[in-house]
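*Asks:* One structure follows; several queries about it will come next.
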Amino acid sequence: MRKPKALLFEMSRSGRLGYSLPDCDVPEKPLAELIPEKHQRSEPLDLPELSEGEIIRHFTELSTRNFGVDTGFYPLGSCTMKYNPKVNEETAALSGFSLLHPCQPEETVQGALELLYKMEQELKELTGMDRFTLQPAAGAHGELTGLMVIQAYHHHRGDSKRNRVLIPLSAHGTNPATVSMAGYEVVQVPCDERGLVDLEALKEAVDENTSALMLTNPSTLGLFEEDIVAIARTVHEAGGLLYYDGANMNAIMGYIRPGDMGFDVVHLNLHKTMSTPHGGGGPGSGPVGVKERLIPFLPVPLVDNKNDQFFFNYDLPESIGKMHSFYGNFGVVVKAYTYLRMMGAEGLKQASGDAVLNANYLMNLLKKNYWLPYDRICKHEFVLSAKPEKKKGAGAGDIAKALLDRGFHPPTVYFPLIVEDALMIEPTETETKETLDAFAEVMTEIAKDIDEDAEKVAHGPYNTVVGRLDEVQAARNPVLRWEKK
Amino acid sequence: MGGKHYLPLTDEDRKEMLAAIGARSMEDLFSDIPSEMRVKGKLALSPALSESEALKHLSELAAKNRHTDSCVSFMGAGIYDHFIPSVVKHVIGRSEFCTSYTPYQPEVSQGILQAIFEYQTMICQLTGMDVANASMYDGGTAVTEGAIMGCGATRRSKVLVSRSVSPFYRAIMANYYDSRGLALEEIPLKDGCTDLEELAEMVDGETASVVVQQPNFFGLIEETEGLADLIHDQKAVLVVCADPISLPLLQPPSEYGADIVVGEGQCLGVPSSFGGPALGIIAARQKFVRQMPGRIAGETVDSEGNRGYVLTLQTREQHIRREKAASNICSNQALVALAASVYMATLGRQGMREVAEQCIQKAAYAREKISALKGYEEVFPGRCFKEFAVKVPGKPANLNCALLEKNILGGVDLEPFYPELKQTMLFTVTEKRTAEEINTLVRELEGWK
């Protein structure tokens, strides 16, 4: 029997305490002397009242109603759900990192600055870029930083008419949304029959108004843009810059670097490629790297070294300014730095190699029972289309629910938009061959189930703590908070 | 080779798998990458470390830093040293939460979705707003995007921000708005608070949002009477940046007419971590929900009619609306919001109030003692919550240096942000500080030459 879980507020009992604070040991004054009555809250705050044990049980039960990488296989395409090493959590939790105040004098945070400095050196070498800012707190935040840097660069040269950014049709939604946030117009570039950027269409689209092209390479189809040299030349010849969305960096580490492909700006997702946990949605970290000519425009501060002392360098007169109140998600950077140091150059190359091998192996198994619209060597991920299954009565979303019933997290569904009923599968390098075989077997079973009784598959899941949730009703009659009845 | 223990494929596996694909070698899988661009040889990264070596290396770096456990901290300015109950760390360490992605598959994500729903509820209770999102990156980005919501709702493009709003936040606003083509004007101060007469002059039919901070950057309680009327008369939106720790004690922003409430939630059970991961809070009145950036969890029912939770109103978001989305935010600070939830539930109705009361009592005690010292002067006359500005008899950097010798992390120097405030520092006193610690600070200040 499925049973809904009570909310904190429904468990609350007046007078229960979950905390203990020491008594106030300074002489107290009447509150009215400290804040005028009109500034005080008139009605007491209605927060829940629970004992510590109840709180732990509540959240422990909630955790059992959640699926993480530690629970099982999580081939969510484009999200790089690789194993999150535990040592990363240990290092980030060291008091010397986790208890730093951002305004501390520089001489008291030399170790933290050294870490940021060293992290930048590693990322520069890995990507072939000349400098990095570690300030962006997530991938999309990095995209915005990168576009602002590009904008400042053009403006600084007195070239202010460039008001358009090109993005391929297969791009992540964050790319067009970022373009708008930076005050630019979006120009979509179609894909050709190979699933790659249509070079002829790109040549048509590029002109003196082009500020940049944003590209994910490998693309969201998991395919390497083979024409990257020609793409870069086309954009650069028109005076535009090339922006690398690092969402898919996990495919190419140690094989090829964005800087060598001709990209001027790169963002990485440390919460994907560098193994830091996604935390149910965040925190992430989205460092941005640039080529020499763009360094003056990076956000302040950068971390530099003079006479063996590390310091925050605010002396960048052309800088775009700040993207985050302080230095970004420092705690996430500590985790990612730990991972980078554990892996080294050979380890990272092997990771990318295994990620690509796992993807190709799984693609090869699955294409026996599912339609693979772009049937060629993939990189770290591939995209199936459930269009044929949908015709039988159960599409990509239904296949996802059937996977939940069998203990797997589903792939990304309905994305990229250029594939109908897409199932975007990214196994990552940290999965065993046995897991991939088991997943393929289950996918085969699901294909069979759809042949036999698509209607049943279309109404799953059956084994989860809740049945299929009504997302339409949630949007139509939004209930966004608990209210006292 | 490093990281072998994260890479389960054996050489035998690799051989079998390549054969199954029909590839001769790994190189075949990368044949689509133009060879002239390929990395030749090995990247010059630092040599790989074993786990014990990595721990040692990182511990050595960490040991070079002073921190708020090895020092007594009077530093705030947006990031605070409040007490964190042990339960918080244990809950967010549950790897089912920690290692999950954004809850796109709600049937296996009820844990984090319900936690977000509870978080949204508690943020609404604190602020008096109708709806909250699942988090922004930090206080600064929340303020910045909160004011952009006002631009979306009014279809206007000018933002007024008080100079008593954190300079860290205003720097982000200036950067974002410049790029987007929004105008940003600063409202001058009077005695460290927003000058309402100046505001009345500045707000007009082009104004989209007006941003004030309560308590403000100097820790002062801003005047709220008549504030909203000035703004609403021009059909503009009032955005209040609030310290959540103050809200159990202070009038909720809804009562003085706020339309959107934003803030930094690090104070709610999150370690300072050099300023990040922090927690951006955004809450608003119902009518602004369509302009709200980021994830929102909502209640619904499952196929059997049982209550459950999903991400909802996604037509605001980038993955659906693309260039027309309210914001580009995708990854947020969900795990930090979970920490804040556990914190608020643990402190609860009484504890949250007690923390706020101890902050105000202890800050008032410290303020009185310090301003009575020879050479030290109170800068602003207004009432404060947990921090206050003091003029000190010398260079703030030197004073902090002297305090560090006594294991005290002093105040924040205000002059870099407010050139008119020479030799002025912002001291912060949370509930964690004891009378003895405050007295020690006072003694050291008194004896400083």
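Residues in the structure tokens are named by chain (A, B, ... in the order shown) and by number from 1 within that chain; ligands are numbered from 1 in the order shown.
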Can you tell me, as an NGL selection string, which residues in range 285-333 of chain B count as helix (DSSP H, G or I) by DSSP?
*Replies:* :B and (286-291 or 314-316 or 318-324)
*Asks:* Could you save the residues just selected, with C-alpha atoms, as a short mmCIF file (atom, residue, chain, number, x, y, z; two decimals), in the first residue's frame?
*Replies:*
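New file result08.cif:
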```
data_model
loop_
_atom_site.label_atom_id
_atom_site.label_comp_id
_atom_site.auth_asym_id
_atom_site.auth_seq_id
_atom_site.Cartn_x
_atom_site.Cartn_y
_atom_site.Cartn_z
CA GLN B 286 1.29 35.28 -5.97
CA LYS B 287 0.86 37.74 -8.83
CA PHE B 288 4.60 37.63 -9.58
CA VAL B 289 4.87 33.87 -9.82
CA ARG B 290 5.15 33.88 -13.64
CA GLN B 291 8.21 36.12 -13.43
CA GLN B 314 8.00 24.96 -15.75
CA THR B 315 6.82 27.09 -18.65
CA ARG B 316 8.79 29.90 -16.95
CA GLN B 318 14.82 27.71 -19.79
CA HIS B 319 14.34 24.08 -20.82
CA ILE B 320 10.79 24.85 -22.01
CA ARG B 321 10.76 28.54 -22.89
CA ARG B 322 14.37 28.82 -24.09
CA GLU B 323 15.09 32.48 -25.00
CA LYS B 324 11.77 33.62 -23.52
#
```
*Asks:* Need to verify the contact set: range 76-79 of chain A, 9 Å, only C-alpha atoms, exclusion of same-chain residues closer than 2 positions in sequence. Can you return it as a PyMOL selection string?
*Replies:* (chain A and resi 74+81-82+220+222+247-248+271-273+380-383+409-413+415+423-427) or (chain B and resi 101)
*Asks:* Could you tell me how far CA of Met148 in chain A lies from CA of Pro317 in chain A, in Å and to one decimal?
*Replies:* 15.1 Å
*Asks:* For a quick check of understanding, using only C-alpha atoms, which of B:Leu184, B:Ile245, B:Ala258, B:Ala435 has the smallest distance to chain A?
*Replies:*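 Among the listed residues, the smallest separation from chain A belongs to B:Ala435.
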*Asks:* What are the DSSP strand (DSSP E or B) residues of range 116-274 of chain A, as a JSON list (two decimals) with all heavy atoms, in the first residue's frame?
*Replies:*
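Output below, filename selection.json:
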```json
[["chain", "number", "residue", "atom", "x", "y", "z"],
["A", 131, "ARG", "N", 43.35, 31.70, -19.08],
["A", 131, "ARG", "CA", 43.02, 32.05, -17.69],
["A", 131, "ARG", "C", 41.60, 31.61, -17.38],
["A", 131, "ARG", "O", 40.76, 31.51, -18.27],
["A", 131, "ARG", "CB", 43.13, 33.57, -17.46],
["A", 131, "ARG", "CG", 44.52, 34.00, -17.09],
["A", 131, "ARG", "CD", 44.59, 34.99, -15.95],
["A", 131, "ARG", "NE", 44.50, 34.36, -14.65],
["A", 131, "ARG", "CZ", 44.96, 34.93, -13.54],
["A", 131, "ARG", "NH1", 45.55, 36.11, -13.57],
["A", 131, "ARG", "NH2", 44.82, 34.33, -12.37],
["A", 132, "PHE", "N", 41.35, 31.39, -16.10],
["A", 132, "PHE", "CA", 40.02, 30.97, -15.66],
["A", 132, "PHE", "C", 39.51, 31.87, -14.54],
["A", 132, "PHE", "O", 40.30, 32.33, -13.70],
["A", 132, "PHE", "CB", 40.06, 29.54, -15.12],
["A", 132, "PHE", "CG", 39.68, 28.50, -16.13],
["A", 132, "PHE", "CD1", 40.62, 27.97, -17.00],
["A", 132, "PHE", "CD2", 38.36, 28.06, -16.24],
["A", 132, "PHE", "CE1", 40.27, 27.01, -17.94],
["A", 132, "PHE", "CE2", 38.01, 27.10, -17.18],
["A", 132, "PHE", "CZ", 38.97, 26.57, -18.03],
["A", 133, "THR", "N", 38.21, 32.08, -14.50],
["A", 133, "THR", "CA", 37.56, 32.58, -13.29],
["A", 133, "THR", "C", 36.78, 31.41, -12.69],
["A", 133, "THR", "O", 36.14, 30.66, -13.43],
["A", 133, "THR", "CB", 36.60, 33.75, -13.56],
["A", 133, "THR", "OG1", 35.87, 34.01, -12.35],
["A", 133, "THR", "CG2", 35.58, 33.44, -14.66],
["A", 164, "ARG", "N", 23.89, 39.68, -31.96],
["A", 164, "ARG", "CA", 23.30, 38.34, -32.13],
["A", 164, "ARG", "C", 24.26, 37.24, -31.72],
["A", 164, "ARG", "O", 25.46, 37.34, -31.97],
["A", 164, "ARG", "CB", 22.94, 38.12, -33.61],
["A", 164, "ARG", "CG", 21.77, 38.95, -34.02],
["A", 164, "ARG", "CD", 21.44, 38.65, -35.46],
["A", 164, "ARG", "NE", 20.53, 39.70, -35.93],
["A", 164, "ARG", "CZ", 20.36, 40.01, -37.20],
["A", 164, "ARG", "NH1", 21.02, 39.34, -38.13],
["A", 164, "ARG", "NH2", 19.53, 40.95, -37.54],
["A", 165, "VAL", "N", 23.68, 36.22, -31.14],
["A", 165, "VAL", "CA", 24.46, 35.03, -30.80],
["A", 165, "VAL", "C", 23.84, 33.83, -31.49],
["A", 165, "VAL", "O", 22.62, 33.63, -31.44],
["A", 165, "VAL", "CB", 24.51, 34.82, -29.27],
["A", 165, "VAL", "CG1", 25.20, 33.51, -28.92],
["A", 165, "VAL", "CG2", 25.23, 35.98, -28.59],
["A", 166, "LEU", "N", 24.67, 33.06, -32.17],
["A", 166, "LEU", "CA", 24.19, 31.89, -32.89],
["A", 166, "LEU", "C", 24.25, 30.67, -31.97],
["A", 166, "LEU", "O", 25.22, 30.48, -31.24],
["A", 166, "LEU", "CB", 25.06, 31.61, -34.11],
["A", 166, "LEU", "CG", 25.37, 32.78, -35.05],
["A", 166, "LEU", "CD1", 26.16, 32.28, -36.26],
["A", 166, "LEU", "CD2", 24.10, 33.45, -35.51],
["A", 167, "ILE", "N", 23.19, 29.85, -32.04],
["A", 167, "ILE", "CA", 23.24, 28.58, -31.33],
["A", 167, "ILE", "C", 22.61, 27.50, -32.20],
["A", 167, "ILE", "O", 21.61, 27.75, -32.87],
["A", 167, "ILE", "CB", 22.52, 28.62, -29.96],
["A", 167, "ILE", "CG1", 21.15, 29.25, -30.09],
["A", 167, "ILE", "CG2", 23.32, 29.34, -28.92],
["A", 167, "ILE", "CD1", 20.38, 29.20, -28.79],
["A", 168, "PRO", "N", 23.19, 26.31, -32.19],
["A", 168, "PRO", "CA", 22.59, 25.24, -32.98],
["A", 168, "PRO", "C", 21.26, 24.80, -32.37],
["A", 168, "PRO", "O", 21.03, 24.96, -31.17],
["A", 168, "PRO", "CB", 23.62, 24.11, -32.93],
["A", 168, "PRO", "CG", 24.57, 24.46, -31.86],
["A", 168, "PRO", "CD", 24.41, 25.89, -31.52],
["A", 185, "GLU", "N", 20.18, 38.82, -29.13],
["A", 185, "GLU", "CA", 19.15, 38.08, -29.86],
["A", 185, "GLU", "C", 19.70, 36.70, -30.23],
["A", 185, "GLU", "O", 20.88, 36.56, -30.53],
["A", 185, "GLU", "CB", 18.84, 38.79, -31.18],
["A", 185, "GLU", "CG", 17.83, 39.90, -31.05],
["A", 185, "GLU", "CD", 17.74, 40.65, -32.38],
["A", 185, "GLU", "OE1", 17.71, 40.00, -33.44],
["A", 185, "GLU", "OE2", 17.75, 41.90, -32.32],
["A", 186, "VAL", "N", 18.79, 35.73, -30.25],
["A", 186, "VAL", "CA", 19.18, 34.36, -30.59],
["A", 186, "VAL", "C", 18.99, 34.14, -32.09],
["A", 186, "VAL", "O", 17.97, 34.51, -32.65],
["A", 186, "VAL", "CB", 18.27, 33.35, -29.85],
["A", 186, "VAL", "CG1", 18.57, 31.93, -30.31],
["A", 186, "VAL", "CG2", 18.45, 33.48, -28.35],
["A", 187, "VAL", "N", 19.99, 33.54, -32.71],
["A", 187, "VAL", "CA", 19.81, 33.06, -34.09],
["A", 187, "VAL", "C", 20.07, 31.55, -34.08],
["A", 187, "VAL", "O", 21.12, 31.09, -33.64],
["A", 187, "VAL", "CB", 20.81, 33.74, -35.06],
["A", 187, "VAL", "CG1", 20.63, 33.19, -36.47],
["A", 187, "VAL", "CG2", 20.63, 35.24, -35.03],
["A", 188, "GLN", "N", 19.07, 30.80, -34.51],
["A", 188, "GLN", "CA", 19.18, 29.34, -34.49],
["A", 188, "GLN", "C", 19.86, 28.84, -35.75],
["A", 188, "GLN", "O", 19.54, 29.30, -36.85],
["A", 188, "GLN", "CB", 17.78, 28.72, -34.45],
["A", 188, "GLN", "CG", 16.94, 29.19, -33.28],
["A", 188, "GLN", "CD", 16.86, 28.14, -32.19],
["A", 188, "GLN", "OE1", 17.71, 27.27, -32.09],
["A", 188, "GLN", "NE2", 15.84, 28.24, -31.36],
["A", 189, "VAL", "N", 20.77, 27.91, -35.59],
["A", 189, "VAL", "CA", 21.43, 27.30, -36.74],
["A", 189, "VAL", "C", 20.97, 25.84, -36.82],
["A", 189, "VAL", "O", 21.09, 25.10, -35.84],
["A", 189, "VAL", "CB", 22.97, 27.34, -36.60],
["A", 189, "VAL", "CG1", 23.64, 26.77, -37.83],
["A", 189, "VAL", "CG2", 23.43, 28.76, -36.34],
["A", 191, "CYS", "N", 20.65, 21.75, -37.92],
["A", 191, "CYS", "CA", 21.59, 20.64, -38.03],
["A", 191, "CYS", "C", 21.40, 19.97, -39.38],
["A", 191, "CYS", "O", 20.32, 20.03, -39.97],
["A", 191, "CYS", "CB", 21.32, 19.61, -36.93],
["A", 191, "CYS", "SG", 21.61, 20.28, -35.29],
["A", 197, "VAL", "N", 26.22, 20.48, -36.90],
["A", 197, "VAL", "CA", 25.90, 21.84, -37.34],
["A", 197, "VAL", "C", 25.95, 21.90, -38.86],
["A", 197, "VAL", "O", 26.91, 21.43, -39.47],
["A", 197, "VAL", "CB", 26.92, 22.85, -36.74],
["A", 197, "VAL", "CG1", 26.76, 24.22, -37.38],
["A", 197, "VAL", "CG2", 26.74, 22.95, -35.23],
["A", 210, "THR", "N", 27.18, 39.24, -35.81],
["A", 210, "THR", "CA", 27.39, 38.05, -34.98],
["A", 210, "THR", "C", 28.39, 38.33, -33.87],
["A", 210, "THR", "O", 29.53, 38.69, -34.14],
["A", 210, "THR", "CB", 27.92, 36.88, -35.84],
["A", 210, "THR", "OG1", 26.99, 36.65, -36.90],
["A", 210, "THR", "CG2", 28.10, 35.64, -35.01],
["A", 211, "SER", "N", 27.94, 38.16, -32.64],
["A", 211, "SER", "CA", 28.84, 38.33, -31.52],
["A", 211, "SER", "C", 29.59, 37.04, -31.24],
["A", 211, "SER", "O", 30.79, 37.04, -31.00],
["A", 211, "SER", "CB", 28.05, 38.75, -30.29],
["A", 211, "SER", "OG", 28.91, 38.90, -29.20],
["A", 212, "ALA", "N", 28.85, 35.93, -31.26],
["A", 212, "ALA", "CA", 29.47, 34.65, -30.93],
["A", 212, "ALA", "C", 28.62, 33.49, -31.42],
["A", 212, "ALA", "O", 27.43, 33.66, -31.72],
["A", 212, "ALA", "CB", 29.67, 34.54, -29.42],
["A", 213, "LEU", "N", 29.24, 32.34, -31.49],
["A", 213, "LEU", "CA", 28.53, 31.07, -31.66],
["A", 213, "LEU", "C", 28.75, 30.26, -30.40],
["A", 213, "LEU", "O", 29.88, 30.10, -29.95],
["A", 213, "LEU", "CB", 29.09, 30.30, -32.87],
["A", 213, "LEU", "CG", 28.67, 28.83, -32.99],
["A", 213, "LEU", "CD1", 27.19, 28.71, -33.38],
["A", 213, "LEU", "CD2", 29.53, 28.08, -34.01],
["A", 214, "MET", "N", 27.64, 29.79, -29.80],
["A", 214, "MET", "CA", 27.75, 28.90, -28.63],
["A", 214, "MET", "C", 27.62, 27.48, -29.12],
["A", 214, "MET", "O", 26.66, 27.14, -29.83],
["A", 214, "MET", "CB", 26.64, 29.18, -27.62],
["A", 214, "MET", "CG", 26.70, 30.56, -26.99],
["A", 214, "MET", "SD", 25.37, 30.79, -25.77],
["A", 214, "MET", "CE", 26.17, 30.21, -24.28],
["A", 215, "LEU", "N", 28.57, 26.65, -28.71],
["A", 215, "LEU", "CA", 28.56, 25.29, -29.23],
["A", 215, "LEU", "C", 28.90, 24.30, -28.11],
["A", 215, "LEU", "O", 29.77, 24.57, -27.28],
["A", 215, "LEU", "CB", 29.62, 25.20, -30.34],
["A", 215, "LEU", "CG", 29.49, 24.06, -31.34],
["A", 215, "LEU", "CD1", 28.19, 24.14, -32.12],
["A", 215, "LEU", "CD2", 30.66, 24.11, -32.32],
["A", 216, "THR", "N", 28.19, 23.18, -28.13],
["A", 216, "THR", "CA", 28.52, 22.09, -27.23],
["A", 216, "THR", "C", 29.19, 21.03, -28.10],
["A", 216, "THR", "O", 28.61, 20.61, -29.10],
["A", 216, "THR", "CB", 27.24, 21.52, -26.60],
["A", 216, "THR", "OG1", 26.49, 22.59, -26.06],
["A", 216, "THR", "CG2", 27.55, 20.52, -25.51],
["A", 241, "LEU", "N", 33.15, 35.42, -31.97],
["A", 241, "LEU", "CA", 33.94, 34.55, -31.10],
["A", 241, "LEU", "C", 33.23, 33.21, -30.92],
["A", 241, "LEU", "O", 32.04, 33.09, -31.17],
["A", 241, "LEU", "CB", 34.16, 35.23, -29.74],
["A", 241, "LEU", "CG", 34.97, 36.53, -29.75],
["A", 241, "LEU", "CD1", 35.14, 37.05, -28.33],
["A", 241, "LEU", "CD2", 36.33, 36.34, -30.41],
["A", 242, "LEU", "N", 34.01, 32.25, -30.46],
["A", 242, "LEU", "CA", 33.49, 30.89, -30.31],
["A", 242, "LEU", "C", 33.40, 30.53, -28.83],
["A", 242, "LEU", "O", 34.39, 30.58, -28.11],
["A", 242, "LEU", "CB", 34.46, 29.93, -31.02],
["A", 242, "LEU", "CG", 33.83, 28.78, -31.80],
["A", 242, "LEU", "CD1", 32.86, 29.32, -32.83],
["A", 242, "LEU", "CD2", 34.90, 27.94, -32.45],
["A", 243, "TYR", "N", 32.18, 30.17, -28.40],
["A", 243, "TYR", "CA", 31.93, 29.85, -26.99],
["A", 243, "TYR", "C", 31.73, 28.34, -26.84],
["A", 243, "TYR", "O", 30.89, 27.75, -27.52],
["A", 243, "TYR", "CB", 30.68, 30.58, -26.50],
["A", 243, "TYR", "CG", 30.40, 30.31, -25.04],
["A", 243, "TYR", "CD1", 30.84, 31.20, -24.06],
["A", 243, "TYR", "CD2", 29.75, 29.13, -24.63],
["A", 243, "TYR", "CE1", 30.63, 30.93, -22.73],
["A", 243, "TYR", "CE2", 29.55, 28.85, -23.30],
["A", 243, "TYR", "CZ", 29.98, 29.75, -22.35],
["A", 243, "TYR", "OH", 29.79, 29.48, -21.03],
["A", 244, "TYR", "N", 32.48, 27.74, -25.92],
["A", 244, "TYR", "CA", 32.36, 26.29, -25.71],
["A", 244, "TYR", "C", 31.55, 25.99, -24.46],
["A", 244, "TYR", "O", 31.95, 26.34, -23.35],
["A", 244, "TYR", "CB", 33.77, 25.68, -25.57],
["A", 244, "TYR", "CG", 33.78, 24.17, -25.40],
["A", 244, "TYR", "CD1", 33.70, 23.33, -26.51],
["A", 244, "TYR", "CD2", 33.88, 23.60, -24.14],
["A", 244, "TYR", "CE1", 33.72, 21.96, -26.36],
["A", 244, "TYR", "CE2", 33.90, 22.21, -23.98],
["A", 244, "TYR", "CZ", 33.82, 21.40, -25.10],
["A", 244, "TYR", "OH", 33.84, 20.04, -24.95],
["A", 245, "ASP", "N", 30.40, 25.36, -24.65],
["A", 245, "ASP", "CA", 29.59, 24.90, -23.52],
["A", 245, "ASP", "C", 30.17, 23.56, -23.08],
["A", 245, "ASP", "O", 30.13, 22.57, -23.82],
["A", 245, "ASP", "CB", 28.13, 24.75, -23.98],
["A", 245, "ASP", "CG", 27.22, 24.26, -22.86],
["A", 245, "ASP", "OD1", 27.66, 23.44, -22.03],
["A", 245, "ASP", "OD2", 26.05, 24.68, -22.83],
["A", 246, "GLY", "N", 30.72, 23.52, -21.88],
["A", 246, "GLY", "CA", 31.45, 22.34, -21.42],
["A", 246, "GLY", "C", 30.60, 21.22, -20.86],
["A", 246, "GLY", "O", 31.13, 20.32, -20.19],
["A", 265, "VAL", "N", 36.23, 31.04, -25.52],
["A", 265, "VAL", "CA", 35.69, 31.02, -24.15],
["A", 265, "VAL", "C", 35.15, 29.62, -23.88],
["A", 265, "VAL", "O", 34.53, 29.01, -24.76],
["A", 265, "VAL", "CB", 34.53, 32.04, -23.98],
["A", 265, "VAL", "CG1", 34.01, 32.04, -22.55],
["A", 265, "VAL", "CG2", 34.96, 33.44, -24.39],
["A", 266, "VAL", "N", 35.37, 29.13, -22.66],
["A", 266, "VAL", "CA", 34.94, 27.79, -22.29],
["A", 266, "VAL", "C", 34.30, 27.85, -20.91],
["A", 266, "VAL", "O", 34.81, 28.55, -20.03],
["A", 266, "VAL", "CB", 36.18, 26.86, -22.15],
["A", 266, "VAL", "CG1", 35.83, 25.56, -21.47],
["A", 266, "VAL", "CG2", 36.82, 26.60, -23.49],
["A", 267, "HIS", "N", 33.19, 27.16, -20.71],
["A", 267, "HIS", "CA", 32.81, 26.93, -19.31],
["A", 267, "HIS", "C", 32.79, 25.44, -19.05],
["A", 267, "HIS", "O", 32.51, 24.64, -19.95],
["A", 267, "HIS", "CB", 31.47, 27.59, -18.93],
["A", 267, "HIS", "CG", 30.28, 26.72, -19.11],
["A", 267, "HIS", "ND1", 29.38, 26.86, -20.14],
["A", 267, "HIS", "CD2", 29.80, 25.67, -18.37],
["A", 267, "HIS", "CE1", 28.44, 25.95, -20.05],
["A", 267, "HIS", "NE2", 28.66, 25.21, -18.99],
["A", 268, "LEU", "N", 33.14, 25.07, -17.84],
["A", 268, "LEU", "CA", 33.09, 23.67, -17.42],
["A", 268, "LEU", "C", 32.01, 23.52, -16.36],
["A", 268, "LEU", "O", 31.67, 24.48, -15.67],
["A", 268, "LEU", "CB", 34.44, 23.25, -16.83],
["A", 268, "LEU", "CG", 35.64, 23.33, -17.76],
["A", 268, "LEU", "CD1", 36.91, 22.97, -17.00],
["A", 268, "LEU", "CD2", 35.46, 22.39, -18.95]]
```
*Asks:* Find the residues near range 346-351 of chain B: any atom within 9 Å, counting only C-alpha atoms, skip ones fewer than 4 places away on the same chain, and give them as a ChimeraX atom specification.
*Replies:* /A:15-21,44-52,55 /B:85,87-88,248,341-342,355-356
*Asks:* Measuring between only C-alpha atoms, which one of B:Asn306, B:Thr154, B:Ser25, B:Thr144 shows the shortest distance to chain A?
*Replies:* B:Asn306
*Asks:* So that I can check the surroundings of range 26-32 of chain B, please list as number ranges by chain every protein, DNA and RNA residue that reaches within 12 Å of it, counting only C-alpha atoms and ignoring chain neighbours fewer than 6 positions away.
*Replies:* A: 217-218, 222-228, 251-256, 349-350, 352-361, 376-380; B: 11, 14-19, 38-39
*Asks:* With a distance cut-off of 8 Å and only C-alpha atoms, select the neighbouring residues of Ser164 in chain B, excluding the residue or stretch itself and same-chain residues fewer than 3 positions from it, and output the selection as an mmCIF file with N, CA and C atoms, in the first residue's frame.
*Replies:*
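In the end it all went to part.cif:
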```cif
data_model
loop_
_atom_site.group_PDB
_atom_site.id
_atom_site.type_symbol
_atom_site.label_atom_id
_atom_site.label_comp_id
_atom_site.auth_asym_id
_atom_site.auth_seq_id
_atom_site.Cartn_x
_atom_site.Cartn_y
_atom_site.Cartn_z
ATOM 1 N N PRO B 167 27.081 46.266 -0.817
ATOM 2 C CA PRO B 167 27.866 46.596 -2.017
ATOM 3 C C PRO B 167 28.238 45.351 -2.816
ATOM 4 N N LEU B 189 22.016 57.931 0.936
ATOM 5 C CA LEU B 189 21.775 57.580 2.340
ATOM 6 C C LEU B 189 21.586 58.820 3.200
ATOM 7 N N GLY B 192 22.952 56.559 7.309
ATOM 8 C CA GLY B 192 23.169 55.131 7.076
ATOM 9 C C GLY B 192 21.950 54.375 6.590
ATOM 10 N N CYS B 193 20.825 55.079 6.438
ATOM 11 C CA CYS B 193 19.611 54.428 5.929
ATOM 12 C C CYS B 193 19.169 55.101 4.630
ATOM 13 N N THR B 194 18.305 54.402 3.898
ATOM 14 C CA THR B 194 17.763 54.927 2.654
ATOM 15 C C THR B 194 17.118 56.289 2.899
ATOM 16 N N VAL B 212 15.487 47.722 -1.304
ATOM 17 C CA VAL B 212 16.046 48.124 -0.012
ATOM 18 C C VAL B 212 16.419 46.865 0.769
ATOM 19 N N GLN B 213 17.267 47.038 1.772
ATOM 20 C CA GLN B 213 17.698 45.886 2.578
ATOM 21 C C GLN B 213 17.299 46.122 4.029
ATOM 22 N N ASN B 216 19.714 46.736 7.079
ATOM 23 C CA ASN B 216 20.540 47.059 5.918
ATOM 24 C C ASN B 216 21.987 46.611 6.115
ATOM 25 N N PHE B 217 22.828 46.945 5.137
ATOM 26 C CA PHE B 217 24.216 46.453 5.163
ATOM 27 C C PHE B 217 24.948 46.869 6.435
ATOM 28 N N PHE B 218 24.564 48.025 6.998
ATOM 29 C CA PHE B 218 25.207 48.494 8.235
ATOM 30 C C PHE B 218 24.556 47.892 9.477
#
```
*Asks:* With only C-alpha atoms as the atoms that count, which of A:Glu43, A:Glu10, A:Glu106, A:Glu89 lies nearest to Gln125 in chain B?
*Replies:*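 Of A:Glu43, A:Glu10, A:Glu106, A:Glu89, the one nearest Gln125 in chain B, counting only C-alpha atoms, is A:Glu43.
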*Asks:* Would you list the contacts of range 48-52 of chain B as number ranges by chain, taking every protein, DNA or RNA residue within 8 Å and counting only C-alpha atoms, but skipping same-chain residues closer than 5 positions in sequence?
*Replies:* A: 87, 340-345, 347; B: 1-3
*Asks:* Please provide as a PyMOL selection string all residues within 12 Å of Pro30 in chain A, with the sequence filter that same-chain residues fewer than 6 positions apart are discarded (counting only C-alpha atoms).
*Replies:* (chain A and resi 36-37) or (chain B and resi 357+360-361+364)
*Asks:* Would you save the residues of that selection, restricted to C-alpha atoms, as a CSV table (one decimal), in the first residue's frame?
*Replies:*
```csv
chain,number,residue,atom,x,y,z
A,36,PRO,CA,10.5,50.2,18.1
A,37,GLU,CA,7.3,48.2,18.4
B,357,GLU,CA,16.7,37.8,20.3
B,360,ILE,CA,20.0,41.7,19.0
B,361,GLN,CA,20.8,41.6,22.7
B,364,ALA,CA,23.4,45.9,21.5
```
